[in-house]
file target.csv (CSV, C-alpha atoms)
chain,number,residue,atom,x,y,z
A,102,MET,CA,68.9,-25.1,-22.2
A,103,PRO,CA,66.8,-22.5,-20.6
A,104,LYS,CA,63.1,-22.9,-20.6
A,105,ILE,CA,61.2,-20.7,-22.8
A,106,LYS,CA,60.1,-18.0,-20.5
A,107,LYS,CA,56.4,-17.3,-20.7
A,108,ALA,CA,55.9,-13.6,-21.0
A,109,ARG,CA,53.7,-12.4,-18.2
A,110,ILE,CA,51.3,-9.8,-19.3
A,111,ALA,CA,50.3,-7.4,-16.7
A,112,VAL,CA,46.6,-7.2,-16.8
A,113,LYS,CA,45.4,-3.7,-16.3
A,114,ILE,CA,41.7,-3.2,-16.3
A,115,ASP,CA,40.3,0.2,-16.6
A,116,MET,CA,37.7,0.4,-14.0
A,117,THR,CA,36.5,3.9,-14.8
A,118,PRO,CA,33.4,3.0,-16.8
A,119,MET,CA,32.2,0.6,-14.1
A,120,VAL,CA,32.7,3.2,-11.5
A,121,ASP,CA,30.8,5.7,-13.6
A,122,VAL,CA,27.9,3.4,-13.9
A,123,ALA,CA,28.0,2.7,-10.2
A,124,PHE,CA,27.8,6.4,-9.4
A,125,LEU,CA,25.0,6.8,-11.9
A,126,LEU,CA,23.0,4.0,-10.2
A,127,LEU,CA,23.9,5.4,-6.8
A,128,THR,CA,22.5,8.9,-7.7
A,129,PHE,CA,19.4,7.3,-9.2
A,130,PHE,CA,18.6,5.2,-6.1
A,131,MET,CA,19.5,8.1,-3.8
A,132,LEU,CA,17.1,10.4,-5.6
A,133,THR,CA,14.2,8.0,-6.1
A,134,THR,CA,14.2,6.3,-2.7
A,135,GLN,CA,11.5,7.3,-0.3
A,136,PHE,CA,11.8,6.2,3.2
A,137,ARG,CA,8.7,4.8,4.7
A,138,PRO,CA,7.2,7.5,6.8
A,139,ALA,CA,7.1,6.8,10.5
A,140,GLU,CA,3.7,5.4,11.4
A,141,GLU,CA,1.8,6.1,14.6
A,142,VAL,CA,0.8,2.4,14.8
A,143,ALA,CA,2.0,-0.7,13.1
A,144,ILE,CA,-0.7,-2.1,10.8
A,145,ILE,CA,-0.8,-5.7,9.5
A,146,LEU,CA,-2.6,-5.4,6.2
A,147,PRO,CA,-5.1,-7.9,4.9
A,148,SER,CA,-4.4,-9.4,1.5
A,149,SER,CA,-6.5,-9.4,-1.6
A,150,HIS,CA,-6.1,-10.0,-5.3
A,151,SER,CA,-7.0,-6.5,-6.2
A,152,ALA,CA,-4.3,-4.8,-8.3
A,153,PHE,CA,-5.3,-1.1,-7.9
A,154,LYS,CA,-2.4,1.0,-6.9
A,155,LEU,CA,-2.6,3.5,-4.1
A,156,PRO,CA,-2.8,7.0,-5.4
A,157,GLU,CA,0.4,9.0,-5.0
A,158,SER,CA,-0.9,12.3,-3.9
A,159,ASP,CA,-4.0,13.9,-2.4
A,160,VAL,CA,-4.5,11.0,0.0
A,161,MET,CA,-6.6,11.0,3.1
A,162,LEU,CA,-5.7,8.0,5.1
A,163,VAL,CA,-8.0,6.6,7.8
A,164,THR,CA,-6.1,4.0,9.8
A,165,ILE,CA,-7.9,1.5,12.0
A,166,SER,CA,-5.4,-0.1,14.4
A,167,LYS,CA,-5.5,-3.5,16.0
A,168,ASP,CA,-6.7,-2.1,19.3
A,169,ASN,CA,-9.6,-0.3,17.6
A,170,ARG,CA,-8.3,3.2,17.5
A,171,ILE,CA,-8.8,5.5,14.5
A,172,PHE,CA,-6.1,7.7,13.1
A,173,LEU,CA,-6.6,10.3,10.4
A,174,GLY,CA,-3.7,11.4,8.2
A,175,PHE,CA,-3.0,13.4,5.1
A,176,ASP,CA,0.0,13.3,2.8
A,177,SER,CA,0.3,17.1,2.7
A,178,GLN,CA,1.8,18.8,5.7
A,179,ARG,CA,-0.2,22.0,5.0
A,180,LEU,CA,-3.5,20.1,5.5
A,181,MET,CA,-2.2,18.4,8.6
A,182,GLY,CA,-1.3,21.8,10.1
A,183,LYS,CA,-4.6,23.3,9.1
A,184,LEU,CA,-6.8,20.5,10.6
A,185,PHE,CA,-4.8,19.4,13.7
A,186,GLY,CA,-2.9,22.6,14.6
A,187,GLU,CA,0.6,23.6,13.7
A,188,GLU,CA,2.2,21.4,16.4
A,189,ASN,CA,0.9,18.3,14.5
A,190,ARG,CA,2.1,19.5,11.1
A,191,LEU,CA,4.9,17.0,10.8
A,192,ARG,CA,3.1,14.0,12.1
A,193,THR,CA,1.7,11.4,9.6
A,194,SER,CA,-1.5,10.9,11.4
A,195,VAL,CA,-3.4,11.9,14.5
A,196,GLU,CA,-5.8,9.9,16.6
A,197,VAL,CA,-9.4,10.9,16.3
A,198,THR,CA,-12.7,9.6,17.6
A,199,THR,CA,-15.8,8.6,15.7
A,200,LYS,CA,-17.5,11.7,16.9
A,201,GLU,CA,-14.8,14.1,15.5
A,202,LEU,CA,-14.4,12.2,12.3
A,203,PRO,CA,-17.3,13.5,10.2
A,204,ASP,CA,-16.5,17.1,10.9
A,205,LEU,CA,-12.8,16.5,10.1
A,206,LEU,CA,-13.6,14.7,6.9
A,207,ILE,CA,-15.9,17.5,5.7
A,208,ARG,CA,-13.4,20.2,6.6
A,209,ALA,CA,-10.6,18.3,4.9
A,210,ARG,CA,-12.5,17.9,1.7
A,211,ILE,CA,-13.5,21.6,1.7
A,212,ALA,CA,-9.7,22.4,1.9
A,213,ASN,CA,-8.8,20.0,-0.8
A,214,PRO,CA,-11.7,18.7,-2.9
A,215,LYS,CA,-9.4,16.3,-4.8
A,216,LEU,CA,-8.7,14.2,-1.7
A,217,ARG,CA,-9.0,10.5,-2.2
A,218,THR,CA,-10.1,8.5,0.8
A,219,VAL,CA,-8.1,5.4,1.7
A,220,VAL,CA,-8.8,3.1,4.6
A,221,LYS,CA,-6.0,1.1,6.1
A,222,GLY,CA,-7.3,-1.4,8.5
A,223,ASP,CA,-5.5,-4.0,10.6
A,224,VAL,CA,-6.5,-7.6,10.0
A,225,ASP,CA,-7.5,-7.9,13.6
A,226,ALA,CA,-9.5,-4.7,13.9
A,227,GLU,CA,-13.1,-5.1,14.8
A,228,TYR,CA,-15.5,-5.1,11.9
A,229,GLY,CA,-18.0,-3.0,13.8
A,230,LEU,CA,-15.6,0.0,13.8
A,231,ALA,CA,-15.0,-0.4,10.1
A,232,GLU,CA,-18.8,-0.4,9.6
A,233,ASP,CA,-19.1,2.8,11.7
A,234,ILE,CA,-16.4,4.4,9.6
A,235,MET,CA,-18.1,3.4,6.3
A,236,ASP,CA,-21.3,4.7,7.7
A,237,ILE,CA,-19.6,8.0,8.4
A,238,PHE,CA,-18.3,8.1,4.8
A,239,GLN,CA,-21.7,7.5,3.5
A,240,LYS,CA,-23.1,10.3,5.6
A,241,THR,CA,-20.4,12.7,4.5
A,242,GLN,CA,-21.0,11.8,0.9
A,243,ILE,CA,-17.7,10.0,0.4
A,244,THR,CA,-19.1,7.3,-1.8
A,245,ARG,CA,-15.8,6.0,-3.2
A,246,PHE,CA,-12.9,4.9,-1.2
A,247,ASN,CA,-10.1,2.4,-1.3
A,248,LEU,CA,-9.0,-0.2,1.2
A,249,VAL,CA,-5.3,-0.8,1.4
A,250,THR,CA,-4.4,-4.5,1.1
A,251,ASP,CA,-1.3,-6.6,0.4
A,252,LEU,CA,-1.2,-8.4,-2.9
A,253,LYS,CA,-2.0,-12.0,-2.5
A,254,ARG,CA,-0.3,-14.4,-4.8
A,255,ASP,CA,-1.5,-18.0,-5.3
B,283,MET,CA,43.5,0.6,-10.9
B,284,ALA,CA,41.1,3.3,-10.0
B,285,GLY,CA,43.4,6.3,-10.0
B,286,VAL,CA,43.7,9.8,-11.3
B,287,ASP,CA,46.9,11.3,-12.7
B,288,THR,CA,47.1,15.0,-12.8
B,289,ALA,CA,49.7,17.3,-14.2
B,290,ALA,CA,51.9,14.7,-15.9
B,291,PRO,CA,54.9,16.3,-17.5
B,292,ARG,CA,54.2,17.1,-21.1
B,293,GLY,CA,56.7,16.3,-23.8
B,294,HIS,CA,57.3,19.8,-25.1
B,295,ASP,CA,58.2,21.1,-21.7
B,296,LYS,CA,61.6,19.6,-22.0
B,297,LYS,CA,62.7,22.0,-24.7
B,298,LYS,CA,62.3,25.0,-22.5
B,299,LYS,CA,64.9,24.0,-20.1
B,300,LYS,CA,66.3,27.5,-19.7
B,301,LYS,CA,63.1,28.8,-18.3
B,302,LYS,CA,62.7,28.4,-14.6
B,303,LYS,CA,61.2,25.0,-14.4
B,304,MET,CA,57.8,24.9,-12.8
B,305,ARG,CA,57.8,22.0,-10.5
B,306,ARG,CA,54.7,20.2,-11.4
B,307,LEU,CA,54.1,17.4,-9.1
B,308,SER,CA,52.4,14.4,-10.5
B,309,ILE,CA,49.7,13.7,-8.1
B,310,ARG,CA,48.2,10.3,-8.0
B,311,ILE,CA,45.0,10.0,-6.2
B,312,ASP,CA,43.9,6.6,-5.1
B,313,MET,CA,40.2,6.5,-5.8
B,314,THR,CA,39.7,3.0,-4.4
B,315,PRO,CA,38.3,4.0,-1.0
B,316,MET,CA,35.8,6.4,-2.5
B,317,VAL,CA,34.6,3.8,-5.0
B,318,ASP,CA,34.3,1.3,-2.1
B,319,VAL,CA,32.1,3.7,-0.2
B,320,ALA,CA,30.1,4.4,-3.4
B,321,PHE,CA,29.4,0.8,-3.9
B,322,LEU,CA,28.5,0.4,-0.2
B,323,LEU,CA,25.9,3.2,-0.5
B,324,LEU,CA,24.7,1.8,-3.8
B,325,THR,CA,23.9,-1.6,-2.3
B,326,PHE,CA,22.3,0.1,0.7
B,327,PHE,CA,20.0,2.2,-1.5
B,328,MET,CA,19.2,-0.7,-3.8
B,329,LEU,CA,18.2,-3.0,-0.9
B,330,THR,CA,16.2,-0.4,1.0
B,331,THR,CA,14.3,1.0,-1.8
B,332,THR,CA,10.8,-0.3,-2.4
B,333,MET,CA,9.6,0.2,-5.9
B,334,SER,CA,6.0,-1.0,-5.4
B,335,ARG,CA,3.2,1.0,-4.0
B,336,PRO,CA,0.6,-0.7,-1.8
B,337,GLN,CA,-2.4,-2.3,-3.4
B,338,THR,CA,-5.9,-1.1,-2.8
B,339,MET,CA,-9.4,-2.4,-3.3
B,340,GLU,CA,-11.9,0.1,-4.5
B,341,ILE,CA,-15.4,0.3,-3.0
B,342,ASN,CA,-18.3,2.4,-4.2
B,343,LEU,CA,-21.0,3.1,-1.8
B,344,PRO,CA,-24.4,4.3,-2.9
B,345,PRO,CA,-25.3,7.7,-1.5
B,346,SER,CA,-27.2,7.4,1.7
B,347,ASN,CA,-30.5,8.8,0.4
B,348,THR,CA,-31.1,6.1,-2.2
B,349,ASN,CA,-33.3,3.1,-1.7
B,350,VAL,CA,-33.1,0.3,-4.1
B,351,GLU,CA,-36.0,-2.2,-4.2
B,352,VAL,CA,-34.8,-5.7,-4.9
B,353,ALA,CA,-37.1,-8.7,-5.4
B,354,MET,CA,-36.5,-11.2,-2.6
B,355,SER,CA,-35.7,-14.0,-5.1
B,356,ASN,CA,-32.9,-11.9,-6.5
B,357,LEU,CA,-31.3,-11.2,-3.1
B,358,MET,CA,-28.6,-13.4,-1.8
B,359,THR,CA,-27.6,-12.7,1.8
B,360,LEU,CA,-24.2,-13.7,3.1
B,361,ARG,CA,-24.0,-13.6,6.8
B,362,VAL,CA,-20.7,-13.8,8.7
B,363,LYS,CA,-20.7,-14.7,12.3
B,364,ASP,CA,-18.2,-13.3,14.7
B,365,ASP,CA,-16.2,-16.6,14.6
B,366,GLY,CA,-15.9,-16.3,10.9
B,367,LYS,CA,-18.5,-18.9,9.9
B,368,ILE,CA,-20.2,-17.9,6.7
B,369,TYR,CA,-23.9,-18.6,6.0
B,370,TRP,CA,-25.8,-17.9,2.8
B,371,ASN,CA,-29.3,-17.9,1.6
B,372,ILE,CA,-31.4,-16.6,-1.2
B,373,GLY,CA,-34.5,-14.6,-0.4
B,374,VAL,CA,-36.2,-16.0,2.8
B,375,ASP,CA,-34.7,-19.5,2.6
B,376,ASP,CA,-33.0,-21.0,5.6
B,377,PRO,CA,-29.3,-20.0,5.8
B,378,LYS,CA,-26.8,-22.7,4.8
B,379,ARG,CA,-23.3,-22.9,6.0
B,380,VAL,CA,-20.5,-22.5,3.4
B,381,GLU,CA,-16.8,-22.9,3.9
B,382,TYR,CA,-14.6,-19.9,2.9
B,383,LYS,CA,-12.7,-21.9,0.3
B,384,ASP,CA,-16.0,-23.0,-1.4
B,385,LEU,CA,-17.4,-19.5,-1.4
B,386,ARG,CA,-16.0,-18.6,-4.8
B,387,THR,CA,-17.5,-21.6,-6.6
B,388,LEU,CA,-20.8,-21.0,-4.9
B,389,MET,CA,-20.9,-17.4,-6.0
B,390,VAL,CA,-20.0,-18.3,-9.6
B,391,GLN,CA,-22.7,-20.9,-9.6
B,392,GLN,CA,-25.4,-18.7,-8.1
B,393,SER,CA,-24.6,-15.8,-10.3
B,394,GLN,CA,-24.7,-18.0,-13.4
B,395,GLN,CA,-28.1,-19.3,-12.3
B,396,ASN,CA,-29.5,-15.9,-11.8
B,397,PRO,CA,-27.6,-13.1,-13.5
B,398,ARG,CA,-29.7,-10.5,-11.7
B,399,LEU,CA,-28.6,-11.6,-8.3
B,400,ILE,CA,-27.6,-9.0,-5.8
B,401,THR,CA,-25.5,-9.9,-2.9
B,402,LEU,CA,-25.9,-8.5,0.6
B,403,LEU,CA,-23.0,-8.9,2.9
B,404,LYS,CA,-23.7,-8.8,6.6
B,405,VAL,CA,-20.8,-9.2,8.9
B,406,ASP,CA,-21.2,-9.4,12.7
B,407,ARG,CA,-19.9,-6.3,14.5
B,408,LYS,CA,-17.6,-8.4,16.6
B,409,GLY,CA,-16.1,-10.0,13.6
B,410,LYS,CA,-12.7,-9.1,12.2
B,411,TYR,CA,-11.9,-6.6,9.5
B,412,ARG,CA,-10.0,-9.3,7.7
B,413,MET,CA,-13.2,-11.3,7.1
B,414,MET,CA,-14.8,-8.4,5.3
B,415,VAL,CA,-11.8,-7.9,3.0
B,416,ASP,CA,-11.4,-11.6,2.4
B,417,ILE,CA,-15.0,-12.1,1.4
B,418,MET,CA,-15.1,-9.0,-0.8
B,419,ASP,CA,-12.0,-10.2,-2.5
B,420,GLU,CA,-13.7,-13.6,-3.2
B,421,LEU,CA,-16.8,-11.7,-4.5
B,422,ASN,CA,-14.5,-9.7,-6.8
B,423,LEU,CA,-12.8,-12.9,-8.0
B,424,ALA,CA,-16.1,-14.5,-8.7
B,425,LYS,CA,-16.9,-11.4,-10.8
B,426,VAL,CA,-19.8,-10.5,-8.5
B,427,THR,CA,-19.7,-6.7,-8.7
B,428,ARG,CA,-23.2,-6.0,-7.4
B,429,PHE,CA,-23.0,-6.4,-3.7
B,430,SER,CA,-23.6,-4.2,-0.8
B,431,LEU,CA,-22.8,-4.1,2.9
B,432,ALA,CA,-25.4,-4.0,5.5
B,433,PRO,CA,-25.3,-4.0,9.3
B,434,MET,CA,-26.1,-7.3,11.0
B,435,GLN,CA,-29.1,-6.9,13.2
B,436,GLU,CA,-30.5,-8.9,16.1
B,437,ALA,CA,-33.0,-10.5,13.7
B,438,ASP,CA,-30.1,-11.8,11.6
B,439,LYS,CA,-28.4,-13.2,14.7
B,440,LYS,CA,-31.7,-14.9,15.6
B,441,ILE,CA,-31.9,-16.5,12.2
B,442,LEU,CA,-28.4,-17.7,12.4
B,443,SER,CA,-28.8,-19.2,15.9
B,444,LYS,CA,-31.6,-21.4,14.5
B,445,VAL,CA,-29.3,-23.0,12.0
B,446,PRO,CA,-28.1,-26.4,13.2
B,447,ALA,CA,-24.4,-26.5,13.6

call {"tool": "encode", "arguments": {"input": "target.csv", "output": "structure tokens"}}
result
Amino acid sequence: MPKIKKARIAVKIDMTPMVDVAFLLLTFFMLTTQFRPAEEVAIILPSSHSAFKLPESDVMLVTISKDNRIFLGFDSQRLMGKLFGEENRLRTSVEVTTKELPDLLIRARIANPKLRTVVKGDVDAEYGLAEDIMDIFQKTQITRFNLVTDLKRD
Amino acid sequence: MAGVDTAAPRGHDKKKKKKKKMRRLSIRIDMTPMVDVAFLLLTFFMLTTTMSRPQTMEINLPPSNTNVEVAMSNLMTLRVKDDGKIYWNIGVDDPKRVEYKDLRTLMVQQSQQNPRLITLLKVDRKGKYRMMVDIMDELNLAKVTRFSLAPMQEADKKILSKVPA
């Protein structure tokens, strides 16, 4: 007697919806992703519990590097070109000295009064330099600024 | 599985056999490689994208031309030496050493005892930027909002050098 043959059902899965969703996600991530802009120097950020977010636009970024150099950068290329010359238009920040800084800060804020000042200091930068920069801020009437930190969780 | 059929012969075409038959080729495109690449790109973008923006700490400085008179008894001075040691005193008392991890409890205690306390933070110029951020973070966590930064002068260093280690 022959065995009862099990009918084999060919499973055919329609993958179309999955592929549709995959493409949707792909387009979403491709459009929203922002590559980290190339930095002049690598900065190791100090950490804090503060949960303020960095503003998205009109940012004036003063970077203090590990070897105590100061970099000034803006998020708009127009302003970079205006202050540092057209050849530096595409750079994210340009090295400045404490002598040039007050003048540049004032000129930048004349060009865009909405600028928000952000200080990004390396953990190992000397405090004296940060103190000088804060002194310059005070003299140029920048009374509110933000320090970039990493979020500390404990 | 992932395929596209185009120009499949339709049923009613069979009736018009006398007409010159248009040869419609049934083209089957295998979409598998394209979908593979799409998934590859999807994973790449999902992994490289960073959704969070960096955190910041906000600081308000008083305008340079203002002078605030503070009674000595309401003034707490925090001095940080270049090696990161923290000393505190109120008014003209002798500075006392405090460990960084005990700073928060100290600040909470002191501000409860005297709600009008104003904190002055003096960090040695040779100190690290990290010290300032860490201490300001502790002050914020202790809900001490009234503090200011002042340069550390030679007189401060002299006071600190008298403190027994």

call {"tool": "closest_residue", "arguments": {"input": "target.csv", "among": "B:Pro377, B:Lys363, B:Arg412, B:Ser355", "to": "Asn396 of chain B", "atoms": "all atoms listed in the file"}}
result
B:Ser355

call {"tool": "interface_residues", "arguments": {"input": "target.csv", "of": "chain B", "to": "chain A", "cutoff": "7 Å", "atoms": "only C-alpha atoms", "output": "number ranges by chain"}}
result
B: 283-284, 317, 320-321, 323-324, 327-328, 331, 335-346, 407-412, 415-416, 419

call {"tool": "residues_near_point", "arguments": {"input": "target.csv", "point": "(-6.8, 9.0, 17.2)", "cutoff": "12 Å", "atoms": "only C-alpha atoms", "output": "list in words"}}
result
Glu141, Val142, Val163, Thr164, Ile165, Ser166, Asp168, Asn169, Arg170, Ile171, Phe172, Leu173, Gly174, Phe185, Thr193, Ser194, Val195, Glu196, Val197, Thr198, Thr199, Lys200, Glu201, Leu202 and Leu205 of chain A

call {"tool": "residues_around", "arguments": {"input": "target.csv", "residues": "Asp159 of chain A", "least_positions_apart": "2", "cutoff": "9 Å", "atoms": "all atoms listed in the file", "output": "number ranges by chain"}}
result
A: 156-157, 161, 175-177, 213, 215-218

call {"tool": "atom_distance", "arguments": {"input": "target.csv", "atom1": "atom CA of Val445 of chain B", "atom2": "atom CA of Lys367 of chain B"}}
result
11.7 Å

call {"tool": "decode", "arguments": {"input": "target.csv", "residues": "segment 216-240 of chain A", "atoms": "N, CA and C atoms", "output": "compact mmCIF listing (two decimals), in the first residue's frame"}}
result
# COMPACT_ATOMS: atom_id res chain seq x y z
N LEU A 216 23.35 85.47 16.07
CA LEU A 216 24.34 84.44 16.37
C LEU A 216 24.32 84.05 17.85
N ARG A 217 24.41 82.75 18.06
CA ARG A 217 24.53 82.26 19.42
C ARG A 217 25.93 81.73 19.63
N THR A 218 26.52 82.10 20.72
CA THR A 218 27.92 81.75 20.96
C THR A 218 28.00 80.41 21.68
N VAL A 219 28.85 79.56 21.16
CA VAL A 219 29.02 78.24 21.74
C VAL A 219 30.51 78.00 21.92
N VAL A 220 30.88 77.55 23.09
CA VAL A 220 32.29 77.26 23.36
C VAL A 220 32.46 75.75 23.43
N LYS A 221 33.44 75.27 22.69
CA LYS A 221 33.70 73.84 22.69
C LYS A 221 35.14 73.66 23.13
N GLY A 222 35.32 73.28 24.35
CA GLY A 222 36.67 73.17 24.88
C GLY A 222 37.07 71.73 25.10
N ASP A 223 38.33 71.47 24.90
CA ASP A 223 38.84 70.12 25.15
C ASP A 223 39.03 69.96 26.66
N VAL A 224 38.87 68.73 27.13
CA VAL A 224 38.99 68.49 28.57
C VAL A 224 40.36 68.91 29.09
N ASP A 225 41.38 68.78 28.27
CA ASP A 225 42.73 69.07 28.75
C ASP A 225 43.21 70.46 28.39
N ALA A 226 42.32 71.29 27.87
CA ALA A 226 42.73 72.66 27.56
C ALA A 226 43.00 73.40 28.86
N GLU A 227 43.85 74.41 28.78
CA GLU A 227 44.20 75.15 29.98
C GLU A 227 43.03 76.05 30.37
N TYR A 228 42.76 76.12 31.66
CA TYR A 228 41.64 76.95 32.10
C TYR A 228 41.92 78.43 31.83
N GLY A 229 43.20 78.81 31.93
CA GLY A 229 43.55 80.22 31.74
C GLY A 229 43.07 80.75 30.41
N LEU A 230 43.19 79.92 29.38
CA LEU A 230 42.77 80.34 28.04
C LEU A 230 41.24 80.50 27.99
N ALA A 231 40.55 79.56 28.63
CA ALA A 231 39.09 79.66 28.69
C ALA A 231 38.68 80.91 29.44
N GLU A 232 39.45 81.24 30.48
CA GLU A 232 39.17 82.44 31.25
C GLU A 232 39.35 83.69 30.38
N ASP A 233 40.44 83.70 29.59
CA ASP A 233 40.68 84.82 28.68
C ASP A 233 39.53 84.97 27.69
N ILE A 234 39.06 83.84 27.17
CA ILE A 234 38.00 83.89 26.16
C ILE A 234 36.70 84.41 26.80
N MET A 235 36.42 83.94 28.02
CA MET A 235 35.21 84.42 28.68
C MET A 235 35.33 85.91 28.99
N ASP A 236 36.56 86.33 29.28
CA ASP A 236 36.81 87.75 29.50
C ASP A 236 36.52 88.55 28.23
N ILE A 237 36.96 88.01 27.10
CA ILE A 237 36.71 88.67 25.81
C ILE A 237 35.20 88.73 25.55
N PHE A 238 34.49 87.64 25.85
CA PHE A 238 33.03 87.63 25.67
C PHE A 238 32.41 88.75 26.47
N GLN A 239 32.87 88.87 27.71
CA GLN A 239 32.28 89.88 28.58
C GLN A 239 32.54 91.28 28.03
N LYS A 240 33.75 91.48 27.51
CA LYS A 240 34.09 92.80 26.97
C LYS A 240 33.32 93.09 25.69
